[in-house]
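**Q** If it helps, the file is called work.tsv and holds TSV, C-alpha atoms:
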```tsv
chain	number	residue	atom	x	y	z
A	1	MET	CA	23.92	-87.94	32.08
A	2	ASP	CA	27.27	-89.71	31.93
A	3	LEU	CA	27.90	-90.87	28.38
A	4	TYR	CA	31.22	-92.46	29.22
A	5	GLU	CA	29.92	-96.04	29.29
A	6	LEU	CA	28.09	-95.61	26.02
A	7	ARG	CA	31.24	-94.22	24.43
A	8	ASP	CA	33.30	-97.02	25.98
A	9	GLU	CA	30.96	-99.63	24.47
A	10	PHE	CA	31.33	-97.97	21.06
A	11	ASP	CA	35.13	-98.08	21.37
A	12	ARG	CA	35.10	-101.70	22.54
A	13	THR	CA	32.95	-102.83	19.60
A	14	GLY	CA	34.81	-100.75	16.99
A	15	THR	CA	31.75	-98.59	16.38
A	16	LEU	CA	32.57	-95.48	14.36
A	17	MET	CA	29.14	-93.96	13.90
A	18	CYS	CA	25.69	-94.54	15.31
A	19	PHE	CA	22.22	-93.22	14.68
A	20	ASN	CA	19.38	-93.98	17.07
A	21	GLY	CA	15.91	-92.60	16.44
A	22	PRO	CA	13.06	-92.73	13.95
A	23	PHE	CA	14.09	-93.61	10.38
A	24	TYR	CA	12.42	-90.94	8.27
A	25	HIS	CA	13.59	-90.70	4.69
A	26	SER	CA	15.25	-87.31	5.24
A	27	ILE	CA	17.19	-88.72	8.20
A	28	ILE	CA	18.25	-91.81	6.22
A	29	GLU	CA	19.52	-89.48	3.50
A	30	GLU	CA	21.37	-87.14	5.89
A	31	PHE	CA	23.01	-89.92	7.91
A	32	GLY	CA	24.00	-91.52	4.59
A	33	LYS	CA	25.80	-88.29	3.65
A	34	ALA	CA	27.56	-88.31	7.02
A	35	ILE	CA	28.70	-91.92	6.50
A	36	ARG	CA	30.16	-91.04	3.11
A	37	SER	CA	32.07	-88.01	4.42
A	38	TYR	CA	33.37	-89.97	7.39
A	39	LEU	CA	34.56	-92.92	5.31
A	40	THR	CA	36.04	-90.69	2.62
A	41	ALA	CA	38.12	-89.06	5.36
A	42	ASP	CA	39.03	-92.59	6.51
A	43	ASN	CA	40.75	-93.16	3.11
A	44	ILE	CA	38.51	-96.05	2.19
A	45	ALA	CA	38.52	-97.47	-1.37
A	46	GLN	CA	35.58	-96.29	-3.49
A	47	GLU	CA	34.30	-99.86	-3.83
A	48	ALA	CA	34.31	-100.49	-0.05
A	49	LEU	CA	32.68	-97.12	0.59
A	50	MET	CA	29.83	-97.90	-1.76
A	51	ASP	CA	29.40	-101.35	-0.20
A	52	VAL	CA	29.04	-99.86	3.27
A	53	PHE	CA	26.73	-97.15	1.95
A	54	ALA	CA	24.59	-99.62	-0.02
A	55	VAL	CA	24.22	-101.99	2.94
A	56	TYR	CA	23.31	-99.04	5.16
A	57	ILE	CA	20.66	-97.83	2.68
A	58	GLU	CA	19.09	-101.30	2.30
A	59	LEU	CA	18.98	-101.89	6.07
A	60	ALA	CA	17.60	-98.43	6.84
A	61	GLN	CA	14.98	-98.52	4.07
A	62	ASN	CA	13.98	-102.08	5.04
A	63	ILE	CA	13.31	-100.93	8.61
A	64	ARG	CA	11.55	-97.79	7.41
A	65	ASN	CA	9.30	-99.84	5.10
A	66	TYR	CA	8.63	-102.47	7.76
A	67	HIS	CA	7.56	-99.86	10.28
A	68	THR	CA	5.35	-98.13	7.70
A	69	LEU	CA	3.74	-101.47	6.83
A	70	ARG	CA	3.19	-102.36	10.49
A	71	GLY	CA	2.33	-98.81	11.57
A	72	ALA	CA	-1.08	-99.95	12.77
A	73	CYS	CA	0.66	-102.23	15.26
A	74	GLY	CA	2.28	-99.26	16.99
A	75	LEU	CA	5.69	-99.80	15.42
A	76	GLU	CA	5.71	-96.57	13.42
A	77	ALA	CA	6.98	-94.50	16.33
A	78	ALA	CA	9.46	-97.11	17.52
A	79	SER	CA	13.00	-95.86	17.29
A	80	SER	CA	15.60	-98.00	15.56
A	81	ILE	CA	19.35	-97.99	15.62
A	82	ILE	CA	22.05	-98.34	13.02
A	83	THR	CA	25.81	-98.47	13.54
A	84	ILE	CA	28.84	-98.44	11.25
A	85	GLY	CA	31.96	-100.05	12.69
A	86	ARG	CA	35.36	-101.37	11.92
A	87	ASN	CA	35.82	-105.12	11.52
A	88	GLY	CA	39.50	-105.98	11.23
A	89	LYS	CA	40.59	-104.50	7.93
A	90	GLY	CA	36.98	-104.17	6.80
A	91	TYR	CA	33.74	-102.72	8.09
A	92	LYS	CA	30.50	-103.89	9.61
A	93	VAL	CA	27.04	-102.39	9.51
A	94	SER	CA	24.48	-103.31	12.18
A	95	SER	CA	20.84	-102.42	12.55
A	96	GLY	CA	18.41	-103.02	15.40
A	97	ASN	CA	14.65	-102.66	15.39
A	98	VAL	CA	11.45	-103.91	16.96
A	99	VAL	CA	9.85	-106.86	15.17
A	100	LEU	CA	6.46	-108.43	15.80
A	101	ASN	CA	6.69	-112.06	16.96
A	102	SER	CA	4.55	-113.07	14.00
A	103	ASP	CA	7.17	-111.72	11.54
A	104	LEU	CA	10.25	-113.06	13.28
A	105	ASP	CA	10.39	-116.63	11.93
A	106	ALA	CA	10.15	-115.45	8.31
A	107	LEU	CA	12.87	-112.87	8.89
A	108	CYS	CA	15.32	-115.27	10.58
A	109	GLY	CA	14.53	-117.92	7.97
A	110	ARG	CA	15.29	-115.44	5.20
A	111	VAL	CA	18.68	-114.51	6.71
A	112	ASP	CA	19.58	-118.18	7.34
A	113	GLY	CA	18.55	-119.07	3.79
A	114	LEU	CA	20.68	-116.33	2.25
A	115	ASN	CA	23.67	-117.25	4.44
A	116	ALA	CA	23.49	-120.80	3.11
A	117	MET	CA	23.68	-119.68	-0.55
A	118	THR	CA	26.83	-119.47	-2.68
A	119	GLY	CA	27.61	-116.35	-4.73
A	120	ASP	CA	26.17	-117.94	-7.88
A	121	GLU	CA	23.01	-119.02	-6.07
A	122	LEU	CA	22.54	-115.50	-4.74
A	123	LYS	CA	22.87	-114.15	-8.25
A	124	SER	CA	20.23	-116.50	-9.70
A	125	GLU	CA	17.93	-115.83	-6.76
A	126	TYR	CA	18.37	-112.10	-7.40
A	127	ARG	CA	17.38	-112.53	-11.04
A	128	ARG	CA	14.38	-114.65	-10.08
A	129	GLN	CA	13.20	-112.17	-7.46
A	130	ARG	CA	13.66	-109.25	-9.87
A	131	ARG	CA	11.25	-110.92	-12.29
A	132	ARG	CA	8.58	-111.48	-9.66
A	133	GLU	CA	5.53	-109.23	-9.62
A	134	VAL	CA	5.61	-106.83	-6.69
A	135	PRO	CA	2.32	-106.84	-4.74
A	136	PRO	CA	0.59	-103.43	-5.02
A	137	GLU	CA	0.88	-102.63	-1.29
A	138	ALA	CA	4.60	-103.45	-1.16
A	139	LEU	CA	7.06	-100.64	-0.49
A	140	GLY	CA	10.11	-102.55	-1.66
A	141	ALA	CA	10.93	-105.15	-4.27
A	142	GLY	CA	11.92	-107.84	-1.74
A	143	LEU	CA	15.50	-107.49	-2.94
A	144	GLY	CA	17.06	-105.65	0.01
A	145	LEU	CA	18.45	-108.57	2.01
A	146	LEU	CA	19.56	-110.26	-1.20
A	147	GLU	CA	21.44	-107.14	-2.24
A	148	ILE	CA	23.06	-107.07	1.21
A	149	ALA	CA	24.00	-110.76	1.06
A	150	ARG	CA	25.59	-110.27	-2.37
A	151	ARG	CA	27.83	-107.53	-1.04
A	152	SER	CA	28.73	-109.07	2.32
A	153	SER	CA	32.05	-110.84	2.79
A	154	ASP	CA	30.87	-113.20	5.51
A	155	ASP	CA	27.64	-114.70	6.88
A	156	MET	CA	25.25	-112.17	8.38
A	157	THR	CA	24.67	-112.64	12.11
A	158	TYR	CA	21.65	-111.74	14.22
A	159	VAL	CA	20.60	-111.56	17.84
A	160	VAL	CA	16.99	-111.70	19.04
A	161	ARG	CA	16.01	-110.24	22.40
A	162	GLU	CA	12.62	-110.63	24.10
A	163	LEU	CA	10.83	-107.30	24.62
A	164	ASP	CA	7.30	-108.23	25.68
A	165	ALA	CA	4.63	-110.81	24.88
A	166	GLY	CA	4.22	-109.74	21.26
A	167	ARG	CA	7.49	-108.15	20.22
A	168	LYS	CA	11.21	-108.83	19.93
A	169	PHE	CA	14.24	-106.66	19.30
A	170	PHE	CA	16.14	-107.86	16.24
A	171	SER	CA	19.80	-106.94	15.68
A	172	LEU	CA	21.43	-107.80	12.37
A	173	THR	CA	25.12	-107.41	11.50
A	174	VAL	CA	26.58	-107.42	8.01
A	175	TYR	CA	30.35	-107.79	7.45
A	176	LEU	CA	32.12	-106.11	4.55
B	1	MET	CA	1.85	-85.41	-29.62
B	2	LEU	CA	3.13	-87.22	-26.55
B	3	GLU	CA	4.29	-85.04	-23.71
B	4	THR	CA	7.97	-85.24	-22.96
B	5	ILE	CA	9.50	-86.09	-19.62
B	6	ASP	CA	11.77	-83.88	-17.53
B	7	ILE	CA	12.42	-84.70	-13.87
B	8	LYS	CA	15.02	-82.72	-11.94
B	9	ALA	CA	17.61	-84.57	-9.87
B	10	THR	CA	17.59	-84.55	-6.09
B	11	TYR	CA	20.27	-85.91	-3.78
B	12	ALA	CA	18.67	-89.35	-3.72
B	13	SER	CA	16.96	-89.46	-7.10
B	14	PRO	CA	18.31	-89.07	-10.64
B	15	ALA	CA	17.50	-86.50	-13.32
B	16	ILE	CA	15.34	-88.05	-16.04
B	17	ARG	CA	14.98	-86.22	-19.34
B	18	PHE	CA	13.96	-87.13	-22.85
B	19	GLU	CA	15.66	-85.49	-25.80
B	20	PRO	CA	13.41	-85.77	-28.88
B	21	GLN	CA	16.11	-84.96	-31.51
B	22	SER	CA	18.37	-87.84	-30.51
B	23	LYS	CA	15.45	-89.97	-29.28
B	24	THR	CA	17.37	-90.44	-26.07
B	25	LEU	CA	16.10	-90.89	-22.54
B	26	HIS	CA	18.80	-89.72	-20.11
B	27	ILE	CA	18.88	-90.97	-16.53
B	28	ALA	CA	21.69	-89.52	-14.44
B	29	GLY	CA	22.51	-89.33	-10.74
B	30	GLU	CA	22.06	-91.69	-7.83
B	31	SER	CA	18.86	-93.54	-7.16
B	32	TYR	CA	17.55	-94.41	-3.71
B	33	PRO	CA	14.34	-92.39	-3.37
B	34	GLU	CA	11.93	-92.85	-0.48
B	35	ASN	CA	9.60	-94.85	-2.71
B	36	SER	CA	11.17	-96.04	-5.96
B	37	PHE	CA	7.89	-97.36	-7.37
B	38	ASP	CA	6.20	-93.97	-6.97
B	39	PHE	CA	9.25	-92.23	-8.40
B	40	TYR	CA	9.57	-94.41	-11.51
B	41	ALA	CA	5.83	-94.95	-12.19
B	42	PRO	CA	5.43	-91.81	-14.40
B	43	VAL	CA	8.66	-92.67	-16.26
B	44	LEU	CA	7.48	-96.18	-17.04
B	45	LYS	CA	4.06	-94.88	-18.07
B	46	TRP	CA	5.60	-92.30	-20.40
B	47	LEU	CA	8.06	-94.82	-21.84
B	48	LYS	CA	5.39	-97.40	-22.64
B	49	ALA	CA	3.27	-94.76	-24.41
B	50	TYR	CA	6.32	-93.46	-26.33
B	51	LEU	CA	7.36	-96.94	-27.44
B	52	GLN	CA	3.89	-97.54	-28.87
B	53	GLN	CA	4.37	-94.76	-31.45
B	54	ALA	CA	8.16	-94.49	-31.86
B	55	ASP	CA	10.64	-96.28	-34.09
B	56	GLU	CA	13.68	-95.70	-31.91
B	57	LEU	CA	14.78	-95.13	-28.29
B	58	VAL	CA	18.21	-94.87	-26.73
B	59	LEU	CA	18.44	-95.16	-22.97
B	60	ASP	CA	21.52	-93.29	-21.77
B	61	ILE	CA	22.02	-94.17	-18.14
B	62	ALA	CA	24.67	-92.77	-15.82
B	63	VAL	CA	23.58	-94.05	-12.44
B	64	THR	CA	26.53	-95.21	-10.39
B	65	TYR	CA	24.51	-96.24	-7.36
B	66	MET	CA	20.93	-97.48	-7.12
B	67	ASN	CA	19.18	-99.20	-4.25
B	68	SER	CA	17.50	-102.55	-4.76
B	69	SER	CA	14.00	-101.23	-5.49
B	70	SER	CA	15.41	-98.81	-8.10
B	71	THR	CA	17.12	-101.83	-9.65
B	72	LYS	CA	13.70	-103.44	-9.96
B	73	CYS	CA	12.26	-100.31	-11.59
B	74	THR	CA	15.18	-100.06	-14.03
B	75	PHE	CA	14.63	-103.67	-14.92
B	76	ASP	CA	10.96	-102.88	-15.64
B	77	ILE	CA	12.08	-100.05	-17.95
B	78	MET	CA	14.39	-102.45	-19.79
B	79	ASP	CA	11.60	-105.01	-19.99
B	80	ALA	CA	9.40	-102.46	-21.77
B	81	MET	CA	12.29	-101.75	-24.17
B	82	GLU	CA	12.82	-105.46	-24.80
B	83	ASP	CA	9.14	-105.82	-25.57
B	84	ALA	CA	9.30	-102.91	-28.06
B	85	PHE	CA	12.49	-104.36	-29.59
B	86	SER	CA	10.66	-107.61	-30.31
B	87	ARG	CA	8.01	-105.54	-32.17
B	88	GLY	CA	10.71	-103.97	-34.35
B	89	VAL	CA	11.44	-100.74	-32.42
B	90	LYS	CA	15.14	-99.87	-32.48
B	91	THR	CA	16.00	-99.83	-28.76
B	92	SER	CA	19.47	-99.61	-27.28
B	93	ILE	CA	21.25	-98.75	-24.04
B	94	VAL	CA	24.41	-96.83	-23.29
B	95	TRP	CA	25.35	-97.63	-19.69
B	96	ARG	CA	27.93	-95.29	-18.15
B	97	TYR	CA	29.84	-96.80	-15.24
B	98	ASN	CA	32.36	-95.37	-12.81
B	99	ARG	CA	35.83	-96.74	-13.49
B	100	GLN	CA	36.86	-96.14	-9.86
B	101	ASN	CA	34.04	-98.29	-8.58
B	102	PRO	CA	34.09	-101.92	-9.83
B	103	ARG	CA	30.59	-102.39	-8.37
B	104	SER	CA	29.12	-100.01	-10.92
B	105	TYR	CA	30.70	-102.09	-13.73
B	106	GLU	CA	29.30	-105.29	-12.19
B	107	MET	CA	25.88	-103.65	-12.05
B	108	ALA	CA	26.12	-102.81	-15.77
B	109	GLU	CA	27.04	-106.44	-16.49
B	110	ASP	CA	24.08	-107.67	-14.41
B	111	PHE	CA	21.72	-105.61	-16.54
B	112	ARG	CA	23.37	-106.39	-19.86
B	113	GLU	CA	22.78	-110.10	-19.28
B	114	GLU	CA	19.04	-109.46	-19.12
B	115	VAL	CA	18.49	-107.98	-22.59
B	116	THR	CA	18.93	-109.05	-26.21
B	117	PHE	CA	18.97	-105.56	-27.78
B	118	PRO	CA	22.23	-103.53	-28.14
B	119	PHE	CA	23.79	-102.64	-24.79
B	120	GLU	CA	26.99	-100.65	-24.69
B	121	LYS	CA	29.13	-99.96	-21.60
B	122	GLU	CA	31.15	-96.77	-21.42
B	123	ALA	CA	33.41	-95.45	-18.66
B	124	LEU	CA	32.30	-92.17	-17.12
B	125	ASN	CA	35.78	-91.10	-16.09
```
Just give me the structure as C-alpha cells.
**A**
Amino acid sequence: MDLYELRDEFDRTGTLMCFNGPFYHSIIEEFGKAIRSYLTADNIAQEALMDVFAVYIELAQNIRNYHTLRGACGLEAASSIITIGRNGKGYKVSSGNVVLNSDLDALCGRVDGLNAMTGDELKSEYRRQRRREVPPEALGAGLGLLEIARRSSDDMTYVVRELDAGRKFFSLTVYL
Amino acid sequence: MLETIDIKATYASPAIRFEPQSKTLHIAGESYPENSFDFYAPVLKWLKAYLQQADELVLDIAVTYMNSSSTKCTFDIMDAMEDAFSRGVKTSIVWRYNRQNPRSYEMAEDFREEVTFPFEKEALN
C-alpha cells in the first residue's frame, strides 16, 4: 500500500494528526493525550491548547454518543475520523461520521443556527440549555455543539456527502 | 450517620472526597468521563442527602477542564446547594482556576453568575 497520496493530502490541508476508526472512550482518551503532547511540543499557548482539546473532546464524544444511540441502525461499528490541523496562525479540528438521513436536517440546522448567533446569544443559549431537563435516555446534555461554537473563532463549516439511500457522510470543521 | 464519599481520580475523571471536619466536598482533576451523568449521579445523590441534615457545606473545586456534560452535572450540584442555601444551610464555593489558562477563569465566572451564595475564586498557581 502506497501511503504517499494520503500523506500528501494531509500536508496539503495542513493536517497534523488524524485518527480514523471506532470512537471508544479509551481511544478518545488516548488520542486526546497524544493531541496534548503534540501541541505542547508545538509551543502552543495553554489557552489555545485547551480550546483544541475541548473541541476535540466534544466532537469525539458527540459522535460516540450518536453512534451508541443509533446502534440499532448499524452505525455502532461505523468508523469515524477526526483530524487536527493548522489554520493560518491558529488550528482547526474536523470530524467526519456517518449520519442517518433522518437526523441530517436537525444537525445542519443546529450548526447553521449556532453560526448565526453572536457571542452574547451563545452565552444565553448555553445558560438556557444548561437549565433544561435532560431526557433519561440522553447520553449528553445537548451542550456539545454550543460549547464548540463558544470556543470557535469563525463559523463552523460542513460538507455532506451521499453514501447510500439512507445515510450520508457528515464532515464538520471548527476553526480556532 | 450518612456514608461519606470518596472517589479516586482517573485520567478523565476527578477525585471527589468529602472531609467531615471542615464540611468540605473536594472535587479535583479533569472531568470528561465516558458518561458524566453516570459518574456524577452518586455524588448528587449523596450531596442531596447530606444537605438535608447538615448546616454547612463548602464545595472546593479545582477542575481546570470539564466537558459540556460535566458542566451540566456541576450545575446540578450547585443547584442543590442553592436550594439548601435558601433553606438556611450555609453553602459556599471555593473555585480554583488555572492562572495560565484564561478559559478556566471564564468558566469560574460562568458558574459564579448562576448562584447567590458565597462564591470565591482563587488561583491555583
**Q** Quick one, how far is CA of Pro14 (chain B) from CA of Gln52 (chain B)?
**A** 24.7 Å
**Q** Listing only residues of chain B within 6 Å of chain A, what is the closest atom pair and its distance in Å (to one decimal) for each, using all atoms listed in the file, sorted by chain and residue number ascending, as a tab-separated table?
**A**
```
residue	atom	partner	partner_atom	distance
B:Glu34	CA	A:His25	CA	5.8
B:Ser68	CA	A:Leu143	CA	5.6
B:Ser69	CA	A:Ala141	CA	5.1
B:Lys72	CA	A:Arg130	CA	5.8
B:Asn101	CA	A:Glu47	CA	5.0
```
**Q** Store the residues of this selection in a file with C-alpha atoms, as a CSV table (one decimal), keeping the file's coordinate frame.
**A**
```
chain,number,residue,atom,x,y,z
B,34,GLU,CA,11.9,-92.8,-0.5
B,68,SER,CA,17.5,-102.6,-4.8
B,69,SER,CA,14.0,-101.2,-5.5
B,72,LYS,CA,13.7,-103.4,-10.0
B,101,ASN,CA,34.0,-98.3,-8.6
```
**Q** For Lys45 (chain B), work out the shell of residues within 12 Å, counting all atoms listed in the file and skipping chain neighbours fewer than 2 positions away, then give it as a short mmCIF file (atom, residue, chain, number, x, y, z; two decimals) with C-alpha atoms, in the coordinates of the input.
**A**
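Output contents, as saved in result-v1.cif:
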```cif
data_model
loop_
_atom_site.label_atom_id
_atom_site.label_comp_id
_atom_site.auth_asym_id
_atom_site.auth_seq_id
_atom_site.Cartn_x
_atom_site.Cartn_y
_atom_site.Cartn_z
CA LEU B 2 3.13 -87.22 -26.55
CA GLU B 3 4.29 -85.04 -23.71
CA THR B 4 7.97 -85.24 -22.96
CA ILE B 5 9.50 -86.09 -19.62
CA PHE B 37 7.89 -97.36 -7.37
CA ASP B 38 6.20 -93.97 -6.97
CA PHE B 39 9.25 -92.23 -8.40
CA TYR B 40 9.57 -94.41 -11.51
CA ALA B 41 5.83 -94.95 -12.19
CA PRO B 42 5.43 -91.81 -14.40
CA VAL B 43 8.66 -92.67 -16.26
CA LEU B 47 8.06 -94.82 -21.84
CA LYS B 48 5.39 -97.40 -22.64
CA ALA B 49 3.27 -94.76 -24.41
CA TYR B 50 6.32 -93.46 -26.33
CA LEU B 51 7.36 -96.94 -27.44
CA GLN B 52 3.89 -97.54 -28.87
CA CYS B 73 12.26 -100.31 -11.59
CA ASP B 76 10.96 -102.88 -15.64
CA ILE B 77 12.08 -100.05 -17.95
CA ALA B 80 9.40 -102.46 -21.77
#
```
**Q** What does the distance from CA of Arg99 (chain B) to CA of Ala149 (chain A) come to in Å, to one decimal?
**A**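 Computed distance, CA of Arg99 (chain B) to CA of Ala149 (chain A), equals 23.4 Å.
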**Q** Using CA of Glu122 (chain B) and CA of Val94 (chain B) as the two end points, give the distance in Å to one decimal.
**A**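 So the two atoms, CA of Glu122 (chain B) and CA of Val94 (chain B), lie 7.0 Å apart.
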**Q** Write out as an NGL selection string each polymer residue whose atoms come within 9 Å of Ser153 (chain A), counting all atoms listed in the file; drop sequence neighbours fewer than 5 positions from it.
**A** :A and (174-176)
**Q** Taking N, CA and C atoms as the atom set, what does region 54-75 of chain A look like once completed, written as a compact mmCIF listing (two decimals), in the frame of the given file?
**A**
```txt
# COMPACT_ATOMS: atom_id res chain seq x y z
N ALA A 54 25.70 -98.85 0.53
CA ALA A 54 24.59 -99.62 -0.02
C ALA A 54 23.94 -100.50 1.05
N VAL A 55 24.77 -101.14 1.89
CA VAL A 55 24.22 -101.99 2.94
C VAL A 55 23.45 -101.13 3.94
N TYR A 56 24.00 -99.97 4.26
CA TYR A 56 23.31 -99.04 5.16
C TYR A 56 21.94 -98.65 4.58
N ILE A 57 21.92 -98.25 3.31
CA ILE A 57 20.66 -97.83 2.68
C ILE A 57 19.63 -98.97 2.70
N GLU A 58 20.05 -100.18 2.33
CA GLU A 58 19.09 -101.30 2.30
C GLU A 58 18.54 -101.59 3.70
N LEU A 59 19.43 -101.61 4.71
CA LEU A 59 18.98 -101.89 6.07
C LEU A 59 18.02 -100.80 6.55
N ALA A 60 18.42 -99.55 6.35
CA ALA A 60 17.60 -98.43 6.84
C ALA A 60 16.25 -98.38 6.13
N GLN A 61 16.25 -98.58 4.81
CA GLN A 61 14.98 -98.52 4.07
C GLN A 61 14.11 -99.74 4.37
N ASN A 62 14.74 -100.89 4.63
CA ASN A 62 13.98 -102.08 5.04
C ASN A 62 13.22 -101.80 6.33
N ILE A 63 13.93 -101.21 7.30
CA ILE A 63 13.31 -100.93 8.61
C ILE A 63 12.21 -99.89 8.45
N ARG A 64 12.53 -98.86 7.68
CA ARG A 64 11.55 -97.79 7.41
C ARG A 64 10.27 -98.39 6.79
N ASN A 65 10.45 -99.23 5.78
CA ASN A 65 9.30 -99.84 5.10
C ASN A 65 8.53 -100.78 6.03
N TYR A 66 9.28 -101.53 6.84
CA TYR A 66 8.63 -102.47 7.76
C TYR A 66 7.77 -101.71 8.76
N HIS A 67 8.32 -100.63 9.29
CA HIS A 67 7.56 -99.86 10.28
C HIS A 67 6.36 -99.16 9.65
N THR A 68 6.49 -98.75 8.39
CA THR A 68 5.35 -98.13 7.70
C THR A 68 4.24 -99.17 7.50
N LEU A 69 4.67 -100.37 7.08
CA LEU A 69 3.74 -101.47 6.83
C LEU A 69 3.01 -101.91 8.10
N ARG A 70 3.75 -101.89 9.22
CA ARG A 70 3.19 -102.36 10.49
C ARG A 70 2.81 -101.19 11.40
N GLY A 71 2.64 -100.03 10.79
CA GLY A 71 2.33 -98.81 11.57
C GLY A 71 1.14 -99.01 12.48
N ALA A 72 0.14 -99.74 12.00
CA ALA A 72 -1.08 -99.95 12.77
C ALA A 72 -0.79 -100.73 14.05
N CYS A 73 0.33 -101.44 14.07
CA CYS A 73 0.66 -102.23 15.26
C CYS A 73 1.49 -101.41 16.25
N GLY A 74 1.57 -100.12 16.04
CA GLY A 74 2.28 -99.26 16.99
C GLY A 74 3.78 -99.26 16.79
N LEU A 75 4.25 -99.77 15.65
CA LEU A 75 5.69 -99.80 15.42
C LEU A 75 6.21 -98.52 14.78
```
